[in-house]
Amino acid sequence: MISRLLLSNVVCWVFTIIFLILGIMNLIQVHPVPGIFYILFSGIFAPPLTTRLKYKTGWVIPFWMKIVIGLIVLWGTLAVGDLAEIYGL
């Protein structure tokens, strides 16, 4: 059986990779500003950065909040973003 910690790490890594790819695509095809935003935003999901934030400040973003924010930003990106217009999504 998959533990909750393993499942949350896998989900966080998937979101990290998705937002890194979106950031690189925005840097290349759209504009550097949203590209840099997505690359920095992907850091919210990366488990090593989350662990470091918890170690340094004692504060961490709850898993459920990461998922909600990630899905909202992903929906906005794929629904009305410039990449959606370029690829006809």
# chains A, B, ... in the order shown; residues from 1 in each chain; ligands from 1
>>> select_by_dssp(residues="chain A", states="helix (DSSP H, G or I)", output="number ranges by chain")
A: 4-29, 32-42, 47-57, 63-80, 82-87
>>> residues_around(residues="range 32-40 of chain A", least_positions_apart="5", cutoff="10 Å", atoms="only C-alpha atoms", output="list in words")
Thr16, Ile17, Ile18, Phe19, Leu20, Ile21, Leu22, Gly23, Ile24, Met25, Asn26, Leu27, Phe45, Val73, Gly81 and Asp82 of chain A
>>> write_last_selection(atoms="N, CA and C atoms", output="PDB file, in the first residue's frame")
ATOM      1  N   THR A  16       5.680  20.027  -9.877  1.00  0.00           N
ATOM      2  CA  THR A  16       6.948  20.728 -10.098  1.00  0.00           C
ATOM      3  C   THR A  16       7.373  20.613 -11.547  1.00  0.00           C
ATOM      4  N   ILE A  17       7.322  19.420 -12.098  1.00  0.00           N
ATOM      5  CA  ILE A  17       7.733  19.208 -13.491  1.00  0.00           C
ATOM      6  C   ILE A  17       6.796  19.924 -14.449  1.00  0.00           C
ATOM      7  N   ILE A  18       5.499  19.866 -14.190  1.00  0.00           N
ATOM      8  CA  ILE A  18       4.533  20.541 -15.068  1.00  0.00           C
ATOM      9  C   ILE A  18       4.800  22.043 -15.110  1.00  0.00           C
ATOM     10  N   PHE A  19       4.993  22.662 -13.946  1.00  0.00           N
ATOM     11  CA  PHE A  19       5.194  24.111 -13.930  1.00  0.00           C
ATOM     12  C   PHE A  19       6.578  24.504 -14.438  1.00  0.00           C
ATOM     13  N   LEU A  20       7.580  23.645 -14.273  1.00  0.00           N
ATOM     14  CA  LEU A  20       8.881  23.927 -14.885  1.00  0.00           C
ATOM     15  C   LEU A  20       8.777  23.907 -16.405  1.00  0.00           C
ATOM     16  N   ILE A  21       8.074  22.916 -16.943  1.00  0.00           N
ATOM     17  CA  ILE A  21       7.894  22.844 -18.391  1.00  0.00           C
ATOM     18  C   ILE A  21       7.104  24.047 -18.900  1.00  0.00           C
ATOM     19  N   LEU A  22       6.038  24.412 -18.189  1.00  0.00           N
ATOM     20  CA  LEU A  22       5.272  25.599 -18.580  1.00  0.00           C
ATOM     21  C   LEU A  22       6.141  26.854 -18.534  1.00  0.00           C
ATOM     22  N   GLY A  23       6.998  26.951 -17.535  1.00  0.00           N
ATOM     23  CA  GLY A  23       7.890  28.105 -17.433  1.00  0.00           C
ATOM     24  C   GLY A  23       8.870  28.174 -18.577  1.00  0.00           C
ATOM     25  N   ILE A  24       9.449  27.047 -18.940  1.00  0.00           N
ATOM     26  CA  ILE A  24      10.397  27.025 -20.055  1.00  0.00           C
ATOM     27  C   ILE A  24       9.683  27.342 -21.364  1.00  0.00           C
ATOM     28  N   MET A  25       8.494  26.785 -21.550  1.00  0.00           N
ATOM     29  CA  MET A  25       7.732  27.079 -22.767  1.00  0.00           C
ATOM     30  C   MET A  25       7.360  28.555 -22.848  1.00  0.00           C
ATOM     31  N   ASN A  26       6.981  29.156 -21.728  1.00  0.00           N
ATOM     32  CA  ASN A  26       6.658  30.586 -21.725  1.00  0.00           C
ATOM     33  C   ASN A  26       7.895  31.424 -22.000  1.00  0.00           C
ATOM     34  N   LEU A  27       9.041  31.027 -21.444  1.00  0.00           N
ATOM     35  CA  LEU A  27      10.275  31.763 -21.719  1.00  0.00           C
ATOM     36  C   LEU A  27      10.607  31.761 -23.203  1.00  0.00           C
ATOM     37  N   PHE A  45       6.277  23.587  -5.049  1.00  0.00           N
ATOM     38  CA  PHE A  45       5.910  22.179  -5.022  1.00  0.00           C
ATOM     39  C   PHE A  45       7.095  21.250  -4.799  1.00  0.00           C
ATOM     40  N   VAL A  73      -4.070  27.545 -10.896  1.00  0.00           N
ATOM     41  CA  VAL A  73      -3.108  28.178 -11.811  1.00  0.00           C
ATOM     42  C   VAL A  73      -2.993  27.371 -13.105  1.00  0.00           C
ATOM     43  N   GLY A  81      -4.555  31.184 -21.057  1.00  0.00           N
ATOM     44  CA  GLY A  81      -3.181  31.671 -21.192  1.00  0.00           C
ATOM     45  C   GLY A  81      -2.735  31.799 -22.636  1.00  0.00           C
ATOM     46  N   ASP A  82      -1.602  32.438 -22.819  1.00  0.00           N
ATOM     47  CA  ASP A  82      -1.049  32.631 -24.164  1.00  0.00           C
ATOM     48  C   ASP A  82      -0.664  31.301 -24.800  1.00  0.00           C
TER      49      ASP A  82
END
>>> residues_around(residues="range 59-69 of chain A", least_positions_apart="2", cutoff="12 Å", atoms="only C-alpha atoms", output="PyMOL selection string")
chain A and resi 4-5+7-16+41-57+71-76
>>> write_last_selection(atoms="C-alpha atoms", output="compact mmCIF listing (two decimals), in the first residue's frame")
# COMPACT_ATOMS: atom_id res chain seq x y z
CA ARG A 4 0.47 9.17 2.25
CA LEU A 5 3.97 10.71 2.33
CA LEU A 7 1.83 9.86 -2.60
CA SER A 8 2.23 13.53 -1.64
CA ASN A 9 5.86 13.51 -2.84
CA VAL A 10 4.88 12.02 -6.19
CA VAL A 11 2.07 14.55 -6.67
CA CYS A 12 4.37 17.43 -5.70
CA TRP A 13 7.07 16.27 -8.13
CA VAL A 14 4.48 15.99 -10.92
CA PHE A 15 3.32 19.57 -10.28
CA THR A 16 6.95 20.73 -10.10
CA PHE A 41 6.10 28.93 -8.78
CA SER A 42 7.30 25.38 -9.38
CA GLY A 43 9.57 25.81 -6.35
CA ILE A 44 6.50 25.81 -4.12
CA PHE A 45 5.91 22.18 -5.02
CA ALA A 46 9.48 20.81 -5.00
CA PRO A 47 9.92 18.56 -1.93
CA PRO A 48 13.59 19.55 -1.32
CA LEU A 49 12.68 23.24 -1.25
CA THR A 50 9.68 22.53 0.98
CA THR A 51 11.92 20.65 3.42
CA ARG A 52 14.45 23.49 3.40
CA LEU A 53 11.72 26.07 4.02
CA LYS A 54 10.42 24.04 6.94
CA TYR A 55 13.93 23.70 8.37
CA LYS A 56 14.80 27.40 8.00
CA THR A 57 11.50 29.02 9.00
CA LEU A 71 -4.95 23.28 -10.07
CA ILE A 72 -6.29 26.83 -10.21
CA VAL A 73 -3.11 28.18 -11.81
CA LEU A 74 -2.93 25.20 -14.19
CA TRP A 75 -6.57 25.70 -15.19
CA GLY A 76 -5.96 29.40 -15.81
>>> decode(residues="range 44-78 of chain A", atoms="C-alpha atoms", output="PDB file, in the first residue's frame")
ATOM      1  CA  ILE A  44       6.502  25.810  -4.117  1.00  0.00           C
ATOM      2  CA  PHE A  45       5.910  22.179  -5.022  1.00  0.00           C
ATOM      3  CA  ALA A  46       9.485  20.808  -4.996  1.00  0.00           C
ATOM      4  CA  PRO A  47       9.916  18.560  -1.930  1.00  0.00           C
ATOM      5  CA  PRO A  48      13.586  19.547  -1.322  1.00  0.00           C
ATOM      6  CA  LEU A  49      12.675  23.239  -1.249  1.00  0.00           C
ATOM      7  CA  THR A  50       9.677  22.530   0.981  1.00  0.00           C
ATOM      8  CA  THR A  51      11.924  20.652   3.416  1.00  0.00           C
ATOM      9  CA  ARG A  52      14.450  23.486   3.403  1.00  0.00           C
ATOM     10  CA  LEU A  53      11.716  26.073   4.016  1.00  0.00           C
ATOM     11  CA  LYS A  54      10.420  24.038   6.936  1.00  0.00           C
ATOM     12  CA  TYR A  55      13.927  23.700   8.367  1.00  0.00           C
ATOM     13  CA  LYS A  56      14.796  27.396   7.995  1.00  0.00           C
ATOM     14  CA  THR A  57      11.503  29.016   9.001  1.00  0.00           C
ATOM     15  CA  GLY A  58       9.424  26.279  10.606  1.00  0.00           C
ATOM     16  CA  TRP A  59       6.611  27.138   8.198  1.00  0.00           C
ATOM     17  CA  VAL A  60       5.300  24.954   5.403  1.00  0.00           C
ATOM     18  CA  ILE A  61       2.432  25.235   2.920  1.00  0.00           C
ATOM     19  CA  PRO A  62      -0.139  22.488   3.574  1.00  0.00           C
ATOM     20  CA  PHE A  63      -0.414  19.792   0.913  1.00  0.00           C
ATOM     21  CA  TRP A  64      -4.098  20.428   0.212  1.00  0.00           C
ATOM     22  CA  MET A  65      -3.395  24.135  -0.335  1.00  0.00           C
ATOM     23  CA  LYS A  66      -0.613  23.319  -2.811  1.00  0.00           C
ATOM     24  CA  ILE A  67      -2.993  21.125  -4.780  1.00  0.00           C
ATOM     25  CA  VAL A  68      -5.781  23.730  -4.866  1.00  0.00           C
ATOM     26  CA  ILE A  69      -3.442  26.563  -5.881  1.00  0.00           C
ATOM     27  CA  GLY A  70      -1.698  24.371  -8.454  1.00  0.00           C
ATOM     28  CA  LEU A  71      -4.945  23.277 -10.071  1.00  0.00           C
ATOM     29  CA  ILE A  72      -6.288  26.831 -10.212  1.00  0.00           C
ATOM     30  CA  VAL A  73      -3.108  28.178 -11.811  1.00  0.00           C
ATOM     31  CA  LEU A  74      -2.926  25.204 -14.194  1.00  0.00           C
ATOM     32  CA  TRP A  75      -6.569  25.703 -15.194  1.00  0.00           C
ATOM     33  CA  GLY A  76      -5.964  29.402 -15.807  1.00  0.00           C
ATOM     34  CA  THR A  77      -2.890  28.648 -17.855  1.00  0.00           C
ATOM     35  CA  LEU A  78      -4.500  26.039 -20.049  1.00  0.00           C
TER      36      LEU A  78
END
